[in-house]
Amino acid sequence: MSMRVVVDNGPGRKRRASSSRSLKAAKPPVTLRPAVAADAPGLLALIAAHLEEGRLLPRKLDELVVHAPRFVVAVEPAAGDRPETMVGCAELAPLSPHVAEIRSLVVSGSMRRMGVGVRMVDTLAARARTLGYSRLCAFAHDPAFFVHRGFSIVPHTWVPEKIAHDCTACPLFRNCGQYAVVQEIVQPSVQTSVQTNVQSTV
Ligand SMILES: CC(C)(COP(=O)(O)OP(=O)(O)OC[C@H]1O[C@@H](n2cnc3c(N)ncnc32)[C@H](O)[C@@H]1OP(=O)(O)O)[C@@H](O)C(=O)NCCC(=O)NCCS
């Protein structure tokens, strides 16, 4: 069933209904790629522009230069005179050898609800699996996007790695208003052994 979206064309202009699929088709293509150090100023600008809205962790340029390879970025490719434009970013930050956090997740306002956020989260989840993590987590004031992707809301104490890594030093500790969301990562070797055990018991 396709969702109906009402498009407001402004005062005095007729309102027109269109499906979310046709809105997605009308937008330019967005590609995903790993970030490099040279993306740090773009990452900083994108995160800074949505700090308040997403209640994001403030970032610094020198730290982003170092951590850029942890990020995936969504870009509108260069076309003619127009340079490549960064329209989304998200970081996979290690909290322990087993747990990684998705943070600094942002999609530019004009590119929302087109699947860019989901593509970035799925890319980082695949990266986390490849790197051998067993749990992915995120912290958000509005957890709906993550719940939509199959994450579960859990008490903060279920992610002690985050508490030790960031929370204890935070002035808002125990009072931050964020939800912890987690998703378990099933490693292929575990999947195979589970399948083997199931097969051997039937
Ligand atoms: C959250 C955010 C990254 C989502 O990006 P996006 O590209 O619009 O998300 P997608 O298009 O991939 O969303 C896929 C689905 O998730 C759901 N979804 C997306 N944003 C949502 C939100 N804010 N609340 C509830 N559900 C949401 C929708 O159901 C959507 O499906 P649809 O196609 O049926 O609308 C974007 O809204 C954003 O940058 N917000 C500001 C910063 C922020 O809040 N970051 C998260 C901090 S942890």
# chains A, B, ... in the order shown; residues from 1 in each chain; ligands from 1

$ residues_near_ligand --ligand "ligand 1" --cutoff "8 Å" --atoms "only C-alpha atoms and all ligand atoms" --output "number ranges by chain"
A: 3, 20, 50-51, 53-56, 88, 102-109, 111-120, 138-146, 148-149

$ residues_around --residues "Gly42 in chain A" --least-positions-apart "6" --cutoff "10 Å" --atoms "only C-alpha atoms" --output "VMD selection string"
chain A and resid 48 61 64 73 85 to 89

$ residues_around --residues "Val154 in chain A" --least-positions-apart "4" --cutoff "12 Å" --atoms "only C-alpha atoms" --output "PyMOL selection string"
chain A and resi 137-140+143+147+158-160+178-183

$ write_last_selection --atoms "C-alpha atoms" --output "compact mmCIF listing (two decimals), in the first residue's frame"
# COMPACT_ATOMS: atom_id res chain seq x y z
CA CYS A 137 23.43 0.82 19.64
CA ALA A 138 22.31 4.42 19.31
CA PHE A 139 21.08 7.13 21.67
CA ALA A 140 18.28 9.40 20.51
CA PRO A 143 13.88 6.77 18.84
CA VAL A 147 12.57 1.42 16.10
CA TRP A 158 21.97 -2.51 29.11
CA VAL A 159 24.72 -0.58 27.33
CA PRO A 160 27.33 -0.23 30.12
CA GLN A 178 17.73 10.11 25.46
CA TYR A 179 16.49 6.63 24.64
CA ALA A 180 18.99 3.80 24.27
CA VAL A 181 18.23 1.56 21.28
CA VAL A 182 20.07 -1.63 20.39
CA GLN A 183 20.16 -4.21 17.64

$ residues_around --residues "Ala128 in chain A" --least-positions-apart "4" --cutoff "10 Å" --atoms "only C-alpha atoms" --output "count of residues only"
18
